[in-house]
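To keep things clear, I will list the structure first and then write my remarks on it.
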Amino acid sequence: MAEKKIYSVSELNGLIKELFDATPLFLQIAVRGELSNYKVYPSGHHYFTLKDSESSLKCVMFKSSAVKLRFKPENGMSVTAFGRISVYPRDGAYQLYCSALMPEGTGDLQVAFEQLKKKLDEEGLFDPSHKKPLPTYPEKIAVITSSAGAAVHDMIRILSHRWPMTKVMLLPVRVQGTEAPAEIAGAIRYANRHELADLIITGRGGGSIEDLWAFNDERVARAIYESTIPVISAVGHEPDVTISDYVADKRASTPSNAAEIAVPDASEERMALESFGIRASQAMDKRVKHLRTELNNLSTRRVMQNAGAYLDDRRIELDHMRDKLAASMEAQLGLKQREQAKLAASLDAMSPLRVLMRGYAIALNDRGETVRSVKRLRSGETLHLRVSDGSANCTVNEIIEENANEKE
């Protein structure tokens, strides 16, 4: 019996790796599952697990593949992972070396769009209170788009036709490709830094979602939000909606529509001015006719025919007013006099002198105090007796005190 070969662990793991690497099925495979334990390491490599209801599969996506992701993978997201199955010899475990991820049910760009939209909305970049009003009559407009596209020629033509007084400056940028977002954002910041215009239009003509993707870039969105110059976003056609449209101060359905929004129509303004002039002239004619009628009415009045008659009428009115005022004053004076006489009679009735005239007298001691009780008198004391027609000094000879029982 031949002796069996004995393998080391490393040799066995190497053999298994060779088997995996030699199997065409494992070299290019797609696996559907749910993301779990998704981690991004400082190296830039992504490690995660794909799982379903019964099993799980370890996966790795190296930095060179991860930088191509256009959405942010999240735990619980259903995806299809593309790559190759192989063995990591050190651990003796097989795993999926992932080269691409595709969200289930929708494209990766749509997922990336919704993720960025939610993030920026939560940060307040879409808040209507932050949006700036567009200038009514812009003097300078900066157009940030490709110099080679048809969109820029349409915008310049419409702007020149509608409002020739506006100066249009083109800041040419790429609007498609990996370099486009940085160029668009840089042009917006450049226009603000040097105050090149009082209005910015940025956008491009129609295309696929991939073609328009530069205007779904976070860098462009933040540049628009930070712009102190109002920005019109004009990307694609009417159905196309980008992140730039949400952030911009005004969204235009097309680049041509942006030019129409940006400036008024000179012919319409001219017609409005002519109409205003006609209305102003009509209003002035109406006013002149009204004033002429009033003047005619005034000219027929007596005061205009005889200026002295007006003064005569005022003199008569003055006499009437003087008579009414005098009568009112006399009536008030009579009323006050009667009130005074009534008060004087009341005071007179309460006067001590009235009491004396009825036969009573008032006794005062040598200190001028009224004597109210015999208990305050002394025998031999001098009293001053006051009667209605004079007074007399008297001496107390005898004090007779009456008590309550005697009165009863």
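Just so we're on the same page: first chain in the structure tokens is A, next is B, and so on; residues restart at 1 for each chain, and ligands are numbered from 1 in the order they show up.
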
Per-residue nearest contacts segment 39-142 of chain A to segment 216-222 of chain A, cut-off 9 Å, using only C-alpha atoms, as CSV:
```
residue,atom,partner,partner_atom,distance
A:Ala112,CA,A:Asn216,CA,8.9
A:Phe113,CA,A:Asn216,CA,6.8
A:Leu116,CA,A:Glu218,CA,7.3
A:Lys117,CA,A:Asn216,CA,8.8
A:Leu120,CA,A:Glu218,CA,8.4
A:Leu125,CA,A:Arg222,CA,7.9
```

For this session: Name the residues of segment 32-117 of chain A that fall into strand (DSSP E or B) according to DSSP on the backbone, using the chain letters and numbers of this document, as number ranges by chain.
Result: A: 32-40, 46-51, 56-61, 78-88, 93-103

Problem set entry | Contacts of Gly33 of chain A within 7 Å, only C-alpha atoms, excl. fewer than 4 positions in-chain, as a VMD selection string | chain A and resid 50 to 52 78 to 80

Problem set entry | d(atom CA of Lys375 of chain A, atom CA of Ile400 of chain A) in Å |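 The value is 9.7 Å.
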
For this session: Compile the contact shell of Arg84 of chain A as a ChimeraX atom specification: residues with an atom at most 6 Å away, counting only C-alpha atoms, same-chain residues fewer than 5 positions apart removed.
Result: /A:26-29,96-97

Export all heavy atoms of the chosen residues as an mmCIF file, in the first residue's frame?
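Output contents, as saved in selection_25.cif:
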```cif
data_model
loop_
_atom_site.group_PDB
_atom_site.id
_atom_site.type_symbol
_atom_site.label_atom_id
_atom_site.label_comp_id
_atom_site.auth_asym_id
_atom_site.auth_seq_id
_atom_site.Cartn_x
_atom_site.Cartn_y
_atom_site.Cartn_z
ATOM 1 N N PHE A 26 -16.011 30.592 -11.003
ATOM 2 C CA PHE A 26 -15.669 31.423 -9.851
ATOM 3 C C PHE A 26 -14.881 32.680 -10.235
ATOM 4 O O PHE A 26 -14.652 33.544 -9.397
ATOM 5 C CB PHE A 26 -14.844 30.607 -8.844
ATOM 6 C CG PHE A 26 -15.613 29.478 -8.218
ATOM 7 C CD1 PHE A 26 -14.946 28.324 -7.788
ATOM 8 C CD2 PHE A 26 -16.994 29.557 -8.061
ATOM 9 C CE1 PHE A 26 -15.648 27.273 -7.210
ATOM 10 C CE2 PHE A 26 -17.689 28.508 -7.485
ATOM 11 C CZ PHE A 26 -17.035 27.376 -7.056
ATOM 12 N N LEU A 27 -14.440 32.744 -11.475
ATOM 13 C CA LEU A 27 -13.635 33.893 -11.889
ATOM 14 C C LEU A 27 -14.488 35.121 -12.216
ATOM 15 O O LEU A 27 -13.996 36.253 -12.166
ATOM 16 C CB LEU A 27 -12.784 33.520 -13.109
ATOM 17 C CG LEU A 27 -11.723 32.440 -12.854
ATOM 18 C CD1 LEU A 27 -10.964 32.145 -14.142
ATOM 19 C CD2 LEU A 27 -10.782 32.866 -11.750
ATOM 20 N N GLN A 28 -15.711 34.903 -12.570
ATOM 21 C CA GLN A 28 -16.615 36.023 -12.875
ATOM 22 C C GLN A 28 -18.022 35.600 -12.473
ATOM 23 O O GLN A 28 -18.703 34.900 -13.208
ATOM 24 C CB GLN A 28 -16.548 36.367 -14.367
ATOM 25 C CG GLN A 28 -17.271 37.662 -14.716
ATOM 26 C CD GLN A 28 -17.042 38.056 -16.175
ATOM 27 O OE1 GLN A 28 -16.354 37.343 -16.914
ATOM 28 N NE2 GLN A 28 -17.610 39.168 -16.569
ATOM 29 N N ILE A 29 -18.431 36.051 -11.279
ATOM 30 C CA ILE A 29 -19.688 35.578 -10.718
ATOM 31 C C ILE A 29 -20.463 36.752 -10.135
ATOM 32 O O ILE A 29 -19.889 37.773 -9.725
ATOM 33 C CB ILE A 29 -19.426 34.504 -9.636
ATOM 34 C CG1 ILE A 29 -20.712 33.754 -9.296
ATOM 35 C CG2 ILE A 29 -18.785 35.128 -8.389
ATOM 36 C CD1 ILE A 29 -20.463 32.506 -8.462
ATOM 37 N N LEU A 96 -15.581 36.476 -1.475
ATOM 38 C CA LEU A 96 -15.838 37.125 -2.766
ATOM 39 C C LEU A 96 -14.986 38.384 -2.847
ATOM 40 O O LEU A 96 -15.067 39.263 -1.990
ATOM 41 C CB LEU A 96 -17.323 37.484 -2.886
ATOM 42 C CG LEU A 96 -17.710 38.304 -4.135
ATOM 43 C CD1 LEU A 96 -17.532 37.455 -5.398
ATOM 44 C CD2 LEU A 96 -19.153 38.793 -4.027
ATOM 45 N N TYR A 97 -14.135 38.418 -3.867
ATOM 46 C CA TYR A 97 -13.353 39.621 -4.143
ATOM 47 C C TYR A 97 -14.199 40.474 -5.096
ATOM 48 O O TYR A 97 -14.252 40.228 -6.298
ATOM 49 C CB TYR A 97 -12.004 39.260 -4.760
ATOM 50 C CG TYR A 97 -11.080 38.576 -3.771
ATOM 51 C CD1 TYR A 97 -11.220 37.211 -3.490
ATOM 52 C CD2 TYR A 97 -10.097 39.295 -3.111
ATOM 53 C CE1 TYR A 97 -10.395 36.587 -2.568
ATOM 54 C CE2 TYR A 97 -9.264 38.663 -2.182
ATOM 55 C CZ TYR A 97 -9.414 37.320 -1.918
ATOM 56 O OH TYR A 97 -8.593 36.702 -1.003
#
```

Problem set entry | Pick from A:Ala148, A:Ala272, A:Leu212, A:Cys59, whichever lies nearest to Thr178 of chain A using only C-alpha atoms |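 Between A:Ala148, A:Ala272, A:Leu212, A:Cys59, the residue approaching Thr178 of chain A most closely is A:Leu212.
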
Problem set entry | Selection: 7 Å around Lys140 of chain A, only C-alpha atoms, excl. self and same-chain fewer than 2 positions, as number ranges by chain | A: 138, 142, 166-168, 197-199

Exercise. Suppose you want the space between atom CA of Ser244 of chain A and atom CA of Lys118 of chain A; what is it in Å?
Worked result: 13.5 Å

For this session: Find the distance between atom CA of Ser379 of chain A and atom CA of Val396 of chain A and write it in Å to one decimal.
Result: 5.2 Å

Counting only C-alpha atoms, which residues of segment 191-235 of chain A fall within 9 Å of segment 249-254 of chain A, and what is the closest atom pair for each with its distance in Å at one decimal, ordered by chain and rising number, as a Markdown table?
```
| residue | atom | partner | partner_atom | distance |
| --- | --- | --- | --- | --- |
| A:Gly203 | CA | A:Thr254 | CA | 8.5 |
| A:Arg204 | CA | A:Thr254 | CA | 8.2 |
| A:Gly205 | CA | A:Thr254 | CA | 7.3 |
| A:Gly206 | CA | A:Thr254 | CA | 8.2 |
| A:Ile224 | CA | A:Asp249 | CA | 8.6 |
| A:Tyr225 | CA | A:Asp249 | CA | 8.6 |
| A:Pro230 | CA | A:Asp249 | CA | 6.0 |
| A:Val231 | CA | A:Asp249 | CA | 5.4 |
| A:Ile232 | CA | A:Lys250 | CA | 4.8 |
| A:Ser233 | CA | A:Arg251 | CA | 5.0 |
| A:Ala234 | CA | A:Ala252 | CA | 4.9 |
| A:Val235 | CA | A:Thr254 | CA | 6.1 |
```

Exercise. Contacts of segment 207-210 of chain A at 10 Å or less, counting only C-alpha atoms, minus same-chain residues fewer than 4 places along, as a PyMOL selection string?
Worked result: chain A and resi 109-110+176-177+214-216+235-237+240-242

Those same residues, written as a PDB file, in the first residue's frame with N, CA, C and O atoms?
```
ATOM      1  N   LEU A 109     -26.871  54.920  -9.711  1.00  0.00           N
ATOM      2  CA  LEU A 109     -26.924  56.383  -9.780  1.00  0.00           C
ATOM      3  C   LEU A 109     -28.175  56.924  -9.108  1.00  0.00           C
ATOM      4  O   LEU A 109     -28.139  57.964  -8.435  1.00  0.00           O
ATOM      5  N   GLN A 110     -29.285  56.227  -9.272  1.00  0.00           N
ATOM      6  CA  GLN A 110     -30.524  56.673  -8.637  1.00  0.00           C
ATOM      7  C   GLN A 110     -30.412  56.571  -7.119  1.00  0.00           C
ATOM      8  O   GLN A 110     -30.874  57.452  -6.384  1.00  0.00           O
ATOM      9  N   GLN A 176     -19.434  67.249 -18.324  1.00  0.00           N
ATOM     10  CA  GLN A 176     -19.573  65.797 -18.345  1.00  0.00           C
ATOM     11  C   GLN A 176     -18.208  65.184 -18.093  1.00  0.00           C
ATOM     12  O   GLN A 176     -17.196  65.703 -18.557  1.00  0.00           O
ATOM     13  N   GLY A 177     -18.179  64.110 -17.304  1.00  0.00           N
ATOM     14  CA  GLY A 177     -16.921  63.449 -17.014  1.00  0.00           C
ATOM     15  C   GLY A 177     -16.482  63.692 -15.580  1.00  0.00           C
ATOM     16  O   GLY A 177     -17.068  64.496 -14.846  1.00  0.00           O
ATOM     17  N   ALA A 214     -22.782  65.360 -13.394  1.00  0.00           N
ATOM     18  CA  ALA A 214     -21.952  66.405 -12.782  1.00  0.00           C
ATOM     19  C   ALA A 214     -22.790  67.358 -11.931  1.00  0.00           C
ATOM     20  O   ALA A 214     -22.311  67.905 -10.934  1.00  0.00           O
ATOM     21  N   PHE A 215     -24.065  67.541 -12.295  1.00  0.00           N
ATOM     22  CA  PHE A 215     -24.939  68.461 -11.559  1.00  0.00           C
ATOM     23  C   PHE A 215     -25.653  67.757 -10.408  1.00  0.00           C
ATOM     24  O   PHE A 215     -26.501  68.355  -9.753  1.00  0.00           O
ATOM     25  N   ASN A 216     -25.290  66.488 -10.186  1.00  0.00           N
ATOM     26  CA  ASN A 216     -25.731  65.760  -8.990  1.00  0.00           C
ATOM     27  C   ASN A 216     -24.570  65.581  -8.013  1.00  0.00           C
ATOM     28  O   ASN A 216     -24.670  64.796  -7.071  1.00  0.00           O
ATOM     29  N   VAL A 235     -30.616  72.467 -16.250  1.00  0.00           N
ATOM     30  CA  VAL A 235     -29.991  71.190 -16.617  1.00  0.00           C
ATOM     31  C   VAL A 235     -30.986  70.327 -17.371  1.00  0.00           C
ATOM     32  O   VAL A 235     -32.061  69.996 -16.861  1.00  0.00           O
ATOM     33  N   GLY A 236     -30.613  69.930 -18.591  1.00  0.00           N
ATOM     34  CA  GLY A 236     -31.402  68.958 -19.357  1.00  0.00           C
ATOM     35  C   GLY A 236     -32.727  69.510 -19.846  1.00  0.00           C
ATOM     36  O   GLY A 236     -32.862  70.684 -20.195  1.00  0.00           O
ATOM     37  N   HIS A 237     -33.729  68.616 -19.832  1.00  0.00           N
ATOM     38  CA  HIS A 237     -35.067  68.953 -20.302  1.00  0.00           C
ATOM     39  C   HIS A 237     -36.028  69.005 -19.121  1.00  0.00           C
ATOM     40  O   HIS A 237     -35.641  68.783 -17.968  1.00  0.00           O
ATOM     41  N   ASP A 240     -36.035  66.237 -16.445  1.00  0.00           N
ATOM     42  CA  ASP A 240     -34.769  66.012 -15.737  1.00  0.00           C
ATOM     43  C   ASP A 240     -34.706  66.892 -14.490  1.00  0.00           C
ATOM     44  O   ASP A 240     -34.878  68.107 -14.559  1.00  0.00           O
ATOM     45  N   VAL A 241     -34.438  66.272 -13.352  1.00  0.00           N
ATOM     46  CA  VAL A 241     -34.291  67.011 -12.093  1.00  0.00           C
ATOM     47  C   VAL A 241     -32.985  66.576 -11.445  1.00  0.00           C
ATOM     48  O   VAL A 241     -32.729  65.381 -11.278  1.00  0.00           O
ATOM     49  N   THR A 242     -32.141  67.550 -11.114  1.00  0.00           N
ATOM     50  CA  THR A 242     -30.845  67.262 -10.506  1.00  0.00           C
ATOM     51  C   THR A 242     -30.761  67.897  -9.119  1.00  0.00           C
ATOM     52  O   THR A 242     -31.602  68.721  -8.737  1.00  0.00           O
TER      53      THR A 242
END
```
